[in-house]
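**Student:** Structure supplied as input_38.pdb; contents: PDB, C-alpha atoms.
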ATOM      1  CA  MET D 111     -41.559 -22.813 -24.049
ATOM      2  CA  VAL D 112     -39.524 -21.696 -27.057
ATOM      3  CA  THR D 113     -35.933 -22.942 -26.912
ATOM      4  CA  ILE D 114     -32.700 -22.076 -28.643
ATOM      5  CA  SER D 115     -33.187 -25.203 -30.771
ATOM      6  CA  ASP D 116     -36.471 -23.775 -32.086
ATOM      7  CA  VAL D 117     -34.729 -20.548 -33.093
ATOM      8  CA  ALA D 118     -31.944 -22.528 -34.783
ATOM      9  CA  LYS D 119     -34.471 -24.589 -36.726
ATOM     10  CA  ARG D 120     -36.414 -21.498 -37.855
ATOM     11  CA  ALA D 121     -33.235 -19.672 -38.917
ATOM     12  CA  LYS D 122     -31.744 -22.824 -40.460
ATOM     13  CA  VAL D 123     -28.501 -22.528 -38.517
ATOM     14  CA  SER D 124     -26.811 -24.409 -35.690
ATOM     15  CA  ARG D 125     -27.589 -23.892 -32.005
ATOM     16  CA  SER D 126     -24.048 -22.607 -31.460
ATOM     17  CA  THR D 127     -24.576 -19.970 -34.142
ATOM     18  CA  VAL D 128     -27.770 -18.802 -32.427
ATOM     19  CA  SER D 129     -25.935 -18.635 -29.112
ATOM     20  CA  ARG D 130     -23.111 -16.590 -30.574
ATOM     21  CA  VAL D 131     -25.478 -14.133 -32.247
ATOM     22  CA  LEU D 132     -27.591 -13.641 -29.123
ATOM     23  CA  ASN D 133     -24.430 -13.091 -27.066
ATOM     24  CA  ASN D 134     -23.130 -10.511 -29.576
ATOM     25  CA  GLN D 135     -20.219 -12.781 -30.486
ATOM     26  CA  THR D 136     -20.615 -12.207 -34.193
ATOM     27  CA  HIS D 137     -17.017 -12.589 -35.345
ATOM     28  CA  HIS D 138     -16.945 -14.667 -38.568
ATOM     29  CA  ILE D 139     -20.756 -14.639 -38.741
ATOM     30  CA  ARG D 140     -22.210 -13.160 -41.923
ATOM     31  CA  GLU D 141     -24.587 -10.230 -41.572
ATOM     32  CA  GLU D 142     -27.426 -12.092 -43.294
ATOM     33  CA  THR D 143     -27.015 -14.984 -40.830
ATOM     34  CA  ARG D 144     -27.127 -12.594 -37.891
ATOM     35  CA  ARG D 145     -30.292 -10.989 -39.247
ATOM     36  CA  ALA D 146     -31.920 -14.377 -39.826
ATOM     37  CA  VAL D 147     -31.262 -15.423 -36.229
ATOM     38  CA  LEU D 148     -32.575 -12.168 -34.785
ATOM     39  CA  LYS D 149     -35.654 -12.336 -37.019
ATOM     40  CA  ALA D 150     -36.353 -15.931 -35.965
ATOM     41  CA  ALA D 151     -35.942 -15.053 -32.291
ATOM     42  CA  GLU D 152     -38.340 -12.134 -32.669
ATOM     43  CA  GLU D 153     -40.941 -14.162 -34.580
ATOM     44  CA  LEU D 154     -40.859 -16.913 -31.960
ATOM     45  CA  ASP D 155     -40.803 -14.393 -29.082
ATOM     46  CA  PHE D 156     -37.726 -16.174 -27.763
ATOM     47  CA  LYS D 157     -36.566 -15.046 -24.315
ATOM     48  CA  PRO D 158     -33.166 -16.441 -23.277
ATOM     49  CA  ASN D 159     -32.922 -18.072 -19.886
ATOM     50  CA  ARG D 160     -30.631 -15.496 -18.308
ATOM     51  CA  VAL D 161     -30.121 -17.489 -15.130
ATOM     52  CA  ALA D 162     -28.817 -20.484 -17.043
ATOM     53  CA  ARG D 163     -26.826 -18.235 -19.304
ATOM     54  CA  SER D 164     -25.228 -16.486 -16.327
ATOM     55  CA  LEU D 165     -24.250 -19.779 -14.735
ATOM     56  CA  LYS D 166     -22.711 -21.036 -17.944
ATOM     57  CA  MET D 167     -20.837 -17.808 -18.682
ATOM     58  CA  LYS D 168     -19.997 -17.147 -15.016
ATOM     59  CA  LYS D 169     -21.542 -13.691 -15.327
ATOM     60  CA  THR D 170     -24.538 -12.151 -13.546
ATOM     61  CA  HIS D 171     -24.989  -9.253 -16.013
ATOM     62  CA  CYS D 172     -25.240  -6.947 -13.024
ATOM     63  CA  ILE D 173     -22.798  -4.173 -12.101
ATOM     64  CA  GLY D 174     -22.471  -2.350  -8.795
ATOM     65  CA  VAL D 175     -22.279   1.427  -8.471
ATOM     66  CA  ILE D 176     -21.033   3.003  -5.234
ATOM     67  CA  THR D 177     -21.296   6.736  -4.575
ATOM     68  CA  ASP D 178     -20.738   8.886  -1.513
ATOM     69  CA  ASP D 179     -23.749  11.195  -1.730
ATOM     70  CA  ILE D 180     -26.647  10.529  -4.054
ATOM     71  CA  ASP D 181     -27.966  14.058  -3.383
ATOM     72  CA  THR D 182     -24.959  15.681  -5.076
ATOM     73  CA  PRO D 183     -26.554  17.970  -7.722
ATOM     74  CA  PHE D 184     -24.683  16.671 -10.764
ATOM     75  CA  LEU D 185     -24.781  12.995  -9.765
ATOM     76  CA  PRO D 186     -28.270  11.937 -10.972
ATOM     77  CA  SER D 187     -27.404  12.595 -14.624
ATOM     78  CA  MET D 188     -24.275  10.449 -14.295
ATOM     79  CA  LEU D 189     -26.088   7.607 -12.544
ATOM     80  CA  LYS D 190     -28.874   7.724 -15.135
ATOM     81  CA  ALA D 191     -26.317   7.490 -17.944
ATOM     82  CA  ILE D 192     -24.613   4.514 -16.263
ATOM     83  CA  GLU D 193     -27.941   2.695 -15.905
ATOM     84  CA  GLN D 194     -29.077   3.466 -19.454
ATOM     85  CA  TYR D 195     -25.833   2.346 -21.044
ATOM     86  CA  ALA D 196     -25.683  -0.795 -18.908
ATOM     87  CA  PHE D 197     -29.250  -1.673 -19.906
ATOM     88  CA  SER D 198     -28.402  -1.187 -23.584
ATOM     89  CA  ARG D 199     -25.706  -3.852 -23.167
ATOM     90  CA  GLY D 200     -27.993  -6.265 -21.299
ATOM     91  CA  TYR D 201     -26.790  -5.386 -17.794
ATOM     92  CA  SER D 202     -28.557  -4.036 -14.715
ATOM     93  CA  ALA D 203     -27.006  -1.566 -12.256
ATOM     94  CA  LEU D 204     -27.271  -1.754  -8.469
ATOM     95  CA  VAL D 205     -26.625   1.679  -6.903
ATOM     96  CA  CYS D 206     -25.294   1.986  -3.324
ATOM     97  CA  ASN D 207     -25.028   5.272  -1.380
ATOM     98  CA  SER D 208     -22.237   5.175   1.227
ATOM     99  CA  GLY D 209     -22.910   8.572   2.817
ATOM    100  CA  TYR D 210     -19.134   9.162   3.142
ATOM    101  CA  GLU D 211     -19.016   6.403   5.788
ATOM    102  CA  PHE D 212     -16.014   4.072   5.648
ATOM    103  CA  GLU D 213     -17.769   1.080   7.233
ATOM    104  CA  ARG D 214     -20.849   1.514   5.075
ATOM    105  CA  GLN D 215     -18.779   1.620   1.905
ATOM    106  CA  LYS D 216     -16.917  -1.495   2.976
ATOM    107  CA  ALA D 217     -20.224  -3.263   3.737
ATOM    108  CA  TYR D 218     -21.536  -2.375   0.269
ATOM    109  CA  ILE D 219     -18.374  -3.698  -1.381
ATOM    110  CA  ASP D 220     -18.686  -6.952   0.543
ATOM    111  CA  MET D 221     -22.365  -7.213  -0.438
ATOM    112  CA  LEU D 222     -21.689  -6.565  -4.131
ATOM    113  CA  VAL D 223     -18.875  -9.111  -4.198
ATOM    114  CA  ALA D 224     -21.111 -11.663  -2.434
ATOM    115  CA  ARG D 225     -23.793 -11.060  -5.066
ATOM    116  CA  GLN D 226     -21.155 -11.761  -7.718
ATOM    117  CA  VAL D 227     -21.569  -8.519  -9.632
ATOM    118  CA  ASP D 228     -19.502  -8.450 -12.804
ATOM    119  CA  GLY D 229     -17.794  -5.173 -11.891
ATOM    120  CA  ILE D 230     -18.030  -2.037  -9.754
ATOM    121  CA  ILE D 231     -18.115   1.662 -10.637
ATOM    122  CA  PHE D 232     -17.097   4.150  -7.950
ATOM    123  CA  ALA D 233     -19.135   7.214  -9.016
ATOM    124  CA  ALA D 234     -18.022  10.623  -7.729
ATOM    125  CA  SER D 235     -16.686   8.827  -4.685
ATOM    126  CA  PHE D 236     -13.782   9.637  -2.407
ATOM    127  CA  VAL D 237     -12.642   6.032  -2.583
ATOM    128  CA  TYR D 238     -11.072   4.753   0.599
ATOM    129  CA  SER D 239      -7.826   2.810   0.691
ATOM    130  CA  TYR D 240      -9.013  -0.382  -0.971
ATOM    131  CA  THR D 241      -6.743  -2.105  -3.438
ATOM    132  CA  GLN D 242      -7.890  -4.357  -6.248
ATOM    133  CA  GLU D 243      -6.676  -7.342  -4.228
ATOM    134  CA  LEU D 244      -8.754  -6.414  -1.165
ATOM    135  CA  ILE D 245     -11.914  -6.259  -3.253
ATOM    136  CA  LYS D 246     -11.333  -9.207  -5.604
ATOM    137  CA  PRO D 247      -8.302  -9.639  -7.848
ATOM    138  CA  ASP D 248     -10.202 -10.323 -11.072
ATOM    139  CA  LEU D 249     -13.157  -7.951 -10.526
ATOM    140  CA  PRO D 250     -13.094  -4.974 -12.929
ATOM    141  CA  ILE D 251     -13.368  -1.597 -11.191
ATOM    142  CA  VAL D 252     -13.839   1.789 -12.876
ATOM    143  CA  TYR D 253     -13.710   5.205 -11.198
ATOM    144  CA  ALA D 254     -16.214   7.693 -12.676
ATOM    145  CA  TYR D 255     -15.410  11.294 -11.768
ATOM    146  CA  SER D 256     -13.102   9.761  -9.158
ATOM    147  CA  MET D 257      -9.344   9.375  -9.284
ATOM    148  CA  SER D 258      -8.162   5.802  -9.652
ATOM    149  CA  PRO D 259      -5.452   4.569  -7.279
ATOM    150  CA  TYR D 260      -3.723   3.219 -10.391
ATOM    151  CA  THR D 261      -1.632   5.643 -12.412
ATOM    152  CA  LYS D 262      -3.455   6.548 -15.638
ATOM    153  CA  LYS D 263      -5.700   3.492 -15.415
ATOM    154  CA  ASN D 264      -9.420   2.850 -14.894
ATOM    155  CA  SER D 265     -10.624   6.459 -14.396
ATOM    156  CA  VAL D 266     -13.123   8.527 -16.378
ATOM    157  CA  LEU D 267     -12.629  12.202 -15.533
ATOM    158  CA  SER D 268     -13.634  15.608 -16.831
ATOM    159  CA  ASP D 269     -10.779  17.440 -18.530
ATOM    160  CA  ASP D 270     -10.715  20.213 -15.916
ATOM    161  CA  VAL D 271      -7.254  21.498 -16.786
ATOM    162  CA  ARG D 272      -8.171  22.125 -20.404
ATOM    163  CA  ALA D 273     -11.632  23.473 -19.533
ATOM    164  CA  ALA D 274     -10.329  25.996 -16.995
ATOM    165  CA  GLN D 275      -7.671  27.041 -19.463
ATOM    166  CA  GLU D 276     -10.288  27.581 -22.184
ATOM    167  CA  ALA D 277     -12.419  29.620 -19.758
ATOM    168  CA  VAL D 278      -9.514  31.957 -19.027
ATOM    169  CA  ASP D 279      -8.624  32.046 -22.734
ATOM    170  CA  TYR D 280     -12.156  33.302 -23.361
ATOM    171  CA  LEU D 281     -11.784  36.086 -20.788
ATOM    172  CA  VAL D 282      -8.379  37.097 -22.146
ATOM    173  CA  GLY D 283      -9.922  37.155 -25.615
ATOM    174  CA  LEU D 284     -12.396  39.710 -24.289
ATOM    175  CA  GLY D 285      -9.470  41.910 -23.234
ATOM    176  CA  HIS D 286      -9.193  40.996 -19.551
ATOM    177  CA  ARG D 287      -5.707  40.945 -18.042
ATOM    178  CA  ARG D 288      -6.506  41.030 -14.319
ATOM    179  CA  ILE D 289      -8.608  37.949 -13.724
ATOM    180  CA  GLY D 290      -9.538  36.966 -10.191
ATOM    181  CA  TYR D 291      -9.888  33.261  -9.474
ATOM    182  CA  ILE D 292     -11.964  31.678  -6.702
ATOM    183  CA  ASN D 293     -10.961  28.051  -6.307
ATOM    184  CA  GLY D 294     -12.570  25.185  -4.401
ATOM    185  CA  PRO D 295     -10.967  23.452  -1.397
ATOM    186  CA  GLU D 296      -7.254  22.979  -1.984
ATOM    187  CA  ASN D 297      -7.179  19.294  -1.039
ATOM    188  CA  VAL D 298      -9.484  18.014  -3.813
ATOM    189  CA  ILE D 299      -8.360  17.109  -7.307
ATOM    190  CA  PRO D 300     -10.904  19.207  -9.309
ATOM    191  CA  SER D 301      -9.653  22.314  -7.454
ATOM    192  CA  GLN D 302      -6.049  21.444  -8.219
ATOM    193  CA  GLU D 303      -6.814  20.738 -11.885
ATOM    194  CA  ARG D 304      -8.838  23.930 -12.406
ATOM    195  CA  ARG D 305      -6.195  26.073 -10.720
ATOM    196  CA  LYS D 306      -3.588  24.483 -12.999
ATOM    197  CA  GLY D 307      -5.686  25.379 -16.050
ATOM    198  CA  TYR D 308      -6.049  28.962 -14.810
ATOM    199  CA  LYS D 309      -2.286  29.324 -14.364
ATOM    200  CA  ASN D 310      -1.535  27.645 -17.703
ATOM    201  CA  ALA D 311      -3.740  30.109 -19.541
ATOM    202  CA  LEU D 312      -2.141  33.135 -17.875
ATOM    203  CA  SER D 313       1.309  31.823 -18.734
ATOM    204  CA  GLN D 314       0.432  31.173 -22.367
ATOM    205  CA  HIS D 315      -0.869  34.736 -22.722
ATOM    206  CA  GLY D 316       2.176  36.253 -21.036
ATOM    207  CA  ILE D 317       0.220  37.357 -17.962
ATOM    208  CA  ALA D 318       2.120  37.134 -14.681
ATOM    209  CA  PHE D 319       0.456  34.999 -12.013
ATOM    210  CA  ASP D 320      -0.553  37.186  -9.072
ATOM    211  CA  PRO D 321      -1.388  35.240  -5.881
ATOM    212  CA  VAL D 322      -3.366  38.239  -4.642
ATOM    213  CA  LEU D 323      -5.924  37.421  -7.333
ATOM    214  CA  VAL D 324      -6.507  33.858  -6.084
ATOM    215  CA  LYS D 325      -8.808  32.927  -3.186
ATOM    216  CA  ASN D 326     -10.067  29.583  -1.910
ATOM    217  CA  GLY D 327     -13.774  29.062  -1.323
ATOM    218  CA  GLU D 328     -16.152  26.216  -0.515
ATOM    219  CA  TRP D 329     -18.064  24.344  -3.224
ATOM    220  CA  GLU D 330     -21.538  24.613  -1.664
ATOM    221  CA  ASP D 331     -21.122  27.988   0.062
ATOM    222  CA  PRO D 332     -22.063  31.061  -2.003
ATOM    223  CA  ALA D 333     -20.884  33.215   0.904
ATOM    224  CA  SER D 334     -17.298  32.138   0.171
ATOM    225  CA  GLY D 335     -17.629  33.592  -3.332
ATOM    226  CA  TYR D 336     -19.226  36.695  -1.849
ATOM    227  CA  ARG D 337     -16.360  37.287   0.609
ATOM    228  CA  ALA D 338     -13.671  36.682  -2.003
ATOM    229  CA  THR D 339     -15.295  39.168  -4.378
ATOM    230  CA  ARG D 340     -15.443  41.917  -1.753
ATOM    231  CA  GLU D 341     -11.745  41.319  -1.038
ATOM    232  CA  PHE D 342     -10.901  41.439  -4.746
ATOM    233  CA  MET D 343     -12.844  44.637  -5.346
ATOM    234  CA  ALA D 344     -11.154  46.347  -2.377
ATOM    235  CA  LEU D 345      -7.726  45.945  -4.005
ATOM    236  CA  PRO D 346      -5.979  49.100  -5.292
ATOM    237  CA  GLU D 347      -6.244  47.528  -8.759
ATOM    238  CA  PRO D 348      -9.285  45.217  -8.710
ATOM    239  CA  PRO D 349      -9.844  42.522 -11.343
ATOM    240  CA  THR D 350     -11.973  43.221 -14.379
ATOM    241  CA  ALA D 351     -13.158  39.595 -14.431
ATOM    242  CA  ILE D 352     -13.664  36.861 -11.836
ATOM    243  CA  PHE D 353     -13.584  33.143 -12.648
ATOM    244  CA  ALA D 354     -15.199  31.004  -9.947
ATOM    245  CA  ALA D 355     -14.462  27.273  -9.902
ATOM    246  CA  ASN D 356     -18.145  26.433  -9.510
ATOM    247  CA  ASP D 357     -21.528  28.057 -10.062
ATOM    248  CA  VAL D 358     -22.474  28.214  -6.383
ATOM    249  CA  MET D 359     -19.472  30.403  -5.604
ATOM    250  CA  ALA D 360     -20.154  32.381  -8.794
ATOM    251  CA  SER D 361     -23.651  33.170  -7.491
ATOM    252  CA  GLY D 362     -21.942  34.711  -4.445
ATOM    253  CA  VAL D 363     -19.796  36.793  -6.801
ATOM    254  CA  LEU D 364     -22.920  38.171  -8.470
ATOM    255  CA  GLU D 365     -24.504  38.997  -5.114
ATOM    256  CA  ALA D 366     -21.388  40.813  -3.907
ATOM    257  CA  ALA D 367     -21.194  42.773  -7.154
ATOM    258  CA  SER D 368     -24.829  43.822  -6.720
ATOM    259  CA  ASP D 369     -24.226  44.973  -3.133
ATOM    260  CA  LEU D 370     -21.133  46.919  -4.229
ATOM    261  CA  LYS D 371     -23.069  48.531  -7.102
ATOM    262  CA  VAL D 372     -20.647  46.891  -9.555
ATOM    263  CA  ARG D 373     -22.424  46.162 -12.820
ATOM    264  CA  VAL D 374     -22.118  42.704 -14.382
ATOM    265  CA  PRO D 375     -20.885  42.417 -17.064
ATOM    266  CA  GLU D 376     -20.306  46.132 -17.753
ATOM    267  CA  ASP D 377     -17.925  46.650 -14.807
ATOM    268  CA  LEU D 378     -17.050  43.048 -13.968
ATOM    269  CA  SER D 379     -17.242  39.884 -16.045
ATOM    270  CA  VAL D 380     -18.145  36.735 -14.090
ATOM    271  CA  LEU D 381     -17.570  33.153 -15.225
ATOM    272  CA  GLY D 382     -18.566  29.973 -13.359
ATOM    273  CA  TYR D 383     -18.079  26.222 -13.624
ATOM    274  CA  ASP D 384     -20.430  23.170 -13.620
ATOM    275  CA  ASP D 385     -23.451  24.602 -15.515
ATOM    276  CA  ARG D 386     -25.897  23.713 -12.773
ATOM    277  CA  ASP D 387     -29.592  24.361 -13.388
ATOM    278  CA  MET D 388     -29.336  27.608 -11.431
ATOM    279  CA  ALA D 389     -26.785  29.109 -13.839
ATOM    280  CA  ARG D 390     -29.236  30.116 -16.549
ATOM    281  CA  PHE D 391     -31.630  31.670 -14.036
ATOM    282  CA  LEU D 392     -29.115  33.953 -12.323
ATOM    283  CA  LYS D 393     -29.175  37.650 -13.171
ATOM    284  CA  PRO D 394     -27.428  38.043 -15.500
ATOM    285  CA  ALA D 395     -27.495  34.478 -16.839
ATOM    286  CA  LEU D 396     -24.125  32.941 -15.995
ATOM    287  CA  THR D 397     -21.454  32.102 -18.532
ATOM    288  CA  THR D 398     -19.987  28.843 -17.264
ATOM    289  CA  VAL D 399     -18.234  25.565 -18.052
ATOM    290  CA  LYS D 400     -20.512  22.555 -18.448
ATOM    291  CA  LEU D 401     -19.396  19.387 -16.705
ATOM    292  CA  PRO D 402     -19.981  16.377 -19.015
ATOM    293  CA  MET D 403     -21.554  14.164 -16.329
ATOM    294  CA  THR D 404     -23.793  12.232 -18.744
ATOM    295  CA  ASP D 405     -20.828  11.424 -20.981
ATOM    296  CA  ILE D 406     -18.716  10.477 -17.964
ATOM    297  CA  GLY D 407     -21.410   8.054 -16.795
ATOM    298  CA  SER D 408     -21.925   6.344 -20.136
ATOM    299  CA  THR D 409     -18.176   6.188 -20.784
ATOM    300  CA  ALA D 410     -17.554   4.610 -17.378
ATOM    301  CA  ALA D 411     -20.259   2.008 -17.968
ATOM    302  CA  GLN D 412     -18.849   1.212 -21.410
ATOM    303  CA  MET D 413     -15.330   0.921 -19.992
ATOM    304  CA  LEU D 414     -16.470  -1.416 -17.214
ATOM    305  CA  ILE D 415     -18.602  -3.668 -19.414
ATOM    306  CA  ASP D 416     -15.859  -3.849 -22.037
ATOM    307  CA  CYS D 417     -13.511  -5.009 -19.270
ATOM    308  CA  VAL D 418     -16.051  -7.600 -18.105
ATOM    309  CA  GLU D 419     -16.510  -9.015 -21.581
ATOM    310  CA  THR D 420     -12.825  -9.069 -22.498
ATOM    311  CA  GLY D 421     -11.570 -10.312 -19.140
ATOM    312  CA  GLN D 422      -9.504  -7.193 -18.448
ATOM    313  CA  THR D 423      -9.071  -5.493 -15.080
ATOM    314  CA  MET D 424      -6.889  -2.602 -16.283
ATOM    315  CA  ILE D 425      -7.775  -0.140 -19.029
ATOM    316  CA  ASP D 426      -6.410   3.296 -19.942
ATOM    317  CA  SER D 427      -8.043   6.252 -18.202
ATOM    318  CA  THR D 428      -9.892   8.789 -20.320
ATOM    319  CA  TYR D 429     -10.671  12.488 -19.980
ATOM    320  CA  VAL D 430     -14.029  13.722 -21.250
ATOM    321  CA  PRO D 431     -14.045  17.289 -22.649
ATOM    322  CA  CYS D 432     -16.126  20.011 -21.028
ATOM    323  CA  LYS D 433     -17.958  22.772 -22.902
ATOM    324  CA  LEU D 434     -17.943  26.521 -22.392
ATOM    325  CA  ILE D 435     -21.529  27.826 -22.213
ATOM    326  CA  ILE D 436     -21.641  31.508 -23.139
ATOM    327  CA  ARG D 437     -24.487  33.527 -21.644
ATOM    328  CA  ASP D 438     -24.722  37.136 -20.411
ATOM    329  CA  SER D 439     -22.269  37.592 -17.528
ATOM    330  CA  CYS D 440     -19.143  38.418 -19.542
ATOM    331  CA  CYS D 441     -18.311  41.177 -22.010
ATOM    332  CA  ALA D 442     -15.310  42.741 -23.674
ATOM    333  CA  VAL D 443     -13.261  45.307 -21.778
ATOM    334  CA  THR D 444     -13.601  47.692 -24.742
ATOM    335  CA  GLN D 445     -17.384  47.742 -24.170
ATOM    336  CA  ARG D 446     -16.949  49.381 -20.777
TER     337      ARG D 446
END
Mind converting the file's structure to structure tokens?

**Tutor:**
Amino acid sequence: MVTISDVAKRAKVSRSTVSRVLNNQTHHIREETRRAVLKAAEELDFKPNRVARSLKMKKTHCIGVITDDIDTPFLPSMLKAIEQYAFSRGYSALVCNSGYEFERQKAYIDMLVARQVDGIIFAASFVYSYTQELIKPDLPIVYAYSMSPYTKKNSVLSDDVRAAQEAVDYLVGLGHRRIGYINGPENVIPSQERRKGYKNALSQHGIAFDPVLVKNGEWEDPASGYRATREFMALPEPPTAIFAANDVMASGVLEAASDLKVRVPEDLSVLGYDDRDMARFLKPALTTVKLPMTDIGSTAAQMLIDCVETGQTMIDSTYVPCKLIIRDSCCAVTQR
């Protein structure tokens, strides 16, 4: 079996230098030395004993990921990004699906702690009332597309306020002044953030907020978008554009418009949110805001592993920008 001493001899360096290079601790190590060590390790087909390394470093190079519902449409891309980034840093990821069950989530936390994972990511999870102390005081925890219980710490979120504001800016730029808004459930943070962005944009353009033009729907219920649209279009002065806080509700908007013989985008511009796979196949193809779930996943994994390797448990939260995807469901008022 090839040992670290063999690599050191081939590279003509000390064993400690080999160890530091292979553990990415390359401070004060010259680039040519680093290359020589890596070349020697490759030539000798050296495979570090990770078990021994973990015991020595008190790390398992495994992170836990807890989510509420693995079937959530946007979640697979985030989980894949977490796994891929973790692997690139020499870590594995153990994914646990709690199914929104308090006791199951608690059991998974206990199991991950018992397995001595180096950290935990709560991914798109309505985290229950656990504190850092209840889990393990020195165990890094990051909340991916979940709000951290710590103010401005340890969360990776989409910048929904800015994205919703940019969506409304786009509609105003097309000449729309009466813009209906269909929000998600009031008690969830993405709904609150997107509504805030909608109101911010109206204010910045000097458009008075009209509560008549705001309805609440349900994320996974296109019928809620359908009902809201029929109510909007029955107003004495209906909106010329409708912004739905997700694509599922936006699909209901399109169906209602079709039933009412309202042309999209000629008579009514429609804008969604999420950029689910369905968006580009709707008729017309839906202009929408793309959630950056891949970037959120990789950023969360980077944040967690950086905490593990620096010994931190608190790190500043970050907001990942979304992107407006322009397709065929919006047009300028002057084109009508």

**Student:** Identify all residues satisfying the PyMOL selection byres ((chain D and resi 318-330) around 9) in the given file; provide them as a count of residues only.

**Tutor:** 33

**Student:** Which is closer to Ser187 (chain D) than all the others in D:Arg386, D:His138, D:Arg373, D:Lys216, using only C-alpha atoms?

**Tutor:**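 For Ser187 (chain D), the nearest of the candidates is D:Arg386.
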
**Student:** Would you translate the PyMOL selection byres ((chain D and resi 436) around 9) into the concrete set of residues it matches in this file, as a PyMOL selection string?

**Tutor:** chain D and resi 396-399+434-435+437-440

**Student:** I'd like to see the residues matched by the PyMOL selection byres ((chain D and resi 253-259) around 9) on this file, and ideally I'd get them as a VMD selection string.

**Tutor:** chain D and resid 188 230 to 237 239 to 241 251 to 252 260 to 268 299 403 406 to 407 409 to 411 427

**Student:** Those residues with C-alpha atoms, as a PDB file, in the frame of the given file please?

**Tutor:**
ATOM      1  CA  MET D 188     -24.275  10.449 -14.295  1.00  0.00           C
ATOM      2  CA  ILE D 230     -18.030  -2.037  -9.754  1.00  0.00           C
ATOM      3  CA  ILE D 231     -18.115   1.662 -10.637  1.00  0.00           C
ATOM      4  CA  PHE D 232     -17.097   4.150  -7.950  1.00  0.00           C
ATOM      5  CA  ALA D 233     -19.135   7.214  -9.016  1.00  0.00           C
ATOM      6  CA  ALA D 234     -18.022  10.623  -7.729  1.00  0.00           C
ATOM      7  CA  SER D 235     -16.686   8.827  -4.685  1.00  0.00           C
ATOM      8  CA  PHE D 236     -13.782   9.637  -2.407  1.00  0.00           C
ATOM      9  CA  VAL D 237     -12.642   6.032  -2.583  1.00  0.00           C
ATOM     10  CA  SER D 239      -7.826   2.810   0.691  1.00  0.00           C
ATOM     11  CA  TYR D 240      -9.013  -0.382  -0.971  1.00  0.00           C
ATOM     12  CA  THR D 241      -6.743  -2.105  -3.438  1.00  0.00           C
ATOM     13  CA  ILE D 251     -13.368  -1.597 -11.191  1.00  0.00           C
ATOM     14  CA  VAL D 252     -13.839   1.789 -12.876  1.00  0.00           C
ATOM     15  CA  TYR D 260      -3.723   3.219 -10.391  1.00  0.00           C
ATOM     16  CA  THR D 261      -1.632   5.643 -12.412  1.00  0.00           C
ATOM     17  CA  LYS D 262      -3.455   6.548 -15.638  1.00  0.00           C
ATOM     18  CA  LYS D 263      -5.700   3.492 -15.415  1.00  0.00           C
ATOM     19  CA  ASN D 264      -9.420   2.850 -14.894  1.00  0.00           C
ATOM     20  CA  SER D 265     -10.624   6.459 -14.396  1.00  0.00           C
ATOM     21  CA  VAL D 266     -13.123   8.527 -16.378  1.00  0.00           C
ATOM     22  CA  LEU D 267     -12.629  12.202 -15.533  1.00  0.00           C
ATOM     23  CA  SER D 268     -13.634  15.608 -16.831  1.00  0.00           C
ATOM     24  CA  ILE D 299      -8.360  17.109  -7.307  1.00  0.00           C
ATOM     25  CA  MET D 403     -21.554  14.164 -16.329  1.00  0.00           C
ATOM     26  CA  ILE D 406     -18.716  10.477 -17.964  1.00  0.00           C
ATOM     27  CA  GLY D 407     -21.410   8.054 -16.795  1.00  0.00           C
ATOM     28  CA  THR D 409     -18.176   6.188 -20.784  1.00  0.00           C
ATOM     29  CA  ALA D 410     -17.554   4.610 -17.378  1.00  0.00           C
ATOM     30  CA  ALA D 411     -20.259   2.008 -17.968  1.00  0.00           C
ATOM     31  CA  SER D 427      -8.043   6.252 -18.202  1.00  0.00           C
TER      32      SER D 427
END

**Student:** Rounded to one decimal place, report the CA of Pro431 (chain D)-CA of Thr339 (chain D) distance in Å.

**Tutor:**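 Between CA of Pro431 (chain D) and CA of Thr339 (chain D) the gap works out to 28.5 Å.
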
**Student:** Quote the spacing between CA of Pro402 (chain D) and CA of Cys432 (chain D) in Å to one decimal place.

**Tutor:**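 CA of Cys432 (chain D) lies at a distance of 5.7 Å from CA of Pro402 (chain D).
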
**Student:** If we count only C-alpha atoms and set the cut-off at 6 Å, which residues sit around Asp269 (chain D), ignoring sequence neighbours fewer than 3 positions away in its own chain? Please answer as a ChimeraX atom specification.

**Tutor:** /D:272,429-431

**Student:** Which distance in Å separates CA of Ile219 (chain D) and CA of Leu401 (chain D), to one decimal?

**Tutor:**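 So the answer is 27.7 Å.
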
**Student:** Using all atoms listed in the file, which residues sit within 9 Å of Gln215 (chain D) once same-chain residues fewer than 5 positions away are excluded, as a list in words?

**Tutor:**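 Selected residues are Ile176, Thr177, Asp178, Cys206, Asn207, Ser208, Gly209, Tyr210, Asp220, Val237 and Tyr238 of chain D.
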
**Student:** Which residue, D:Ser408, D:Leu148, D:Gly200, D:Asp228, has the smallest gap to Thr420 (chain D) when you use all atoms listed in the file?

**Tutor:** D:Asp228

**Student:** Which is closer to Gly421 (chain D) than all the others in D:Glu213, D:Glu276, D:Asp384, D:Asp248, using all atoms listed in the file?

**Tutor:**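 Checking each candidate against Gly421 (chain D), we get D:Asp248 as the closest.
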
**Student:** My list of candidates is D:Ala344, D:Gly283, D:Gln422, D:Arg304. Which is closest to Gly382 (chain D) when distances are computed with all atoms listed in the file?

**Tutor:**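 Closest residue, counting all atoms listed in the file: D:Arg304.
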
**Student:** Near Val418 (chain D), counting only C-alpha atoms, which residues have an atom at most 10 Å away, once you skip same-chain residues fewer than 4 positions from it, shown as a compact mmCIF listing (two decimals) with C-alpha atoms, in the coordinates of the input?

**Tutor:**
# COMPACT_ATOMS: atom_id res chain seq x y z
CA LYS D 169 -21.54 -13.69 -15.33
CA HIS D 171 -24.99 -9.25 -16.01
CA ILE D 173 -22.80 -4.17 -12.10
CA ASP D 228 -19.50 -8.45 -12.80
CA GLY D 229 -17.79 -5.17 -11.89
CA ASP D 248 -10.20 -10.32 -11.07
CA LEU D 249 -13.16 -7.95 -10.53
CA PRO D 250 -13.09 -4.97 -12.93
CA ILE D 251 -13.37 -1.60 -11.19
CA GLN D 412 -18.85 1.21 -21.41
CA MET D 413 -15.33 0.92 -19.99
CA LEU D 414 -16.47 -1.42 -17.21
CA GLN D 422 -9.50 -7.19 -18.45
CA THR D 423 -9.07 -5.49 -15.08
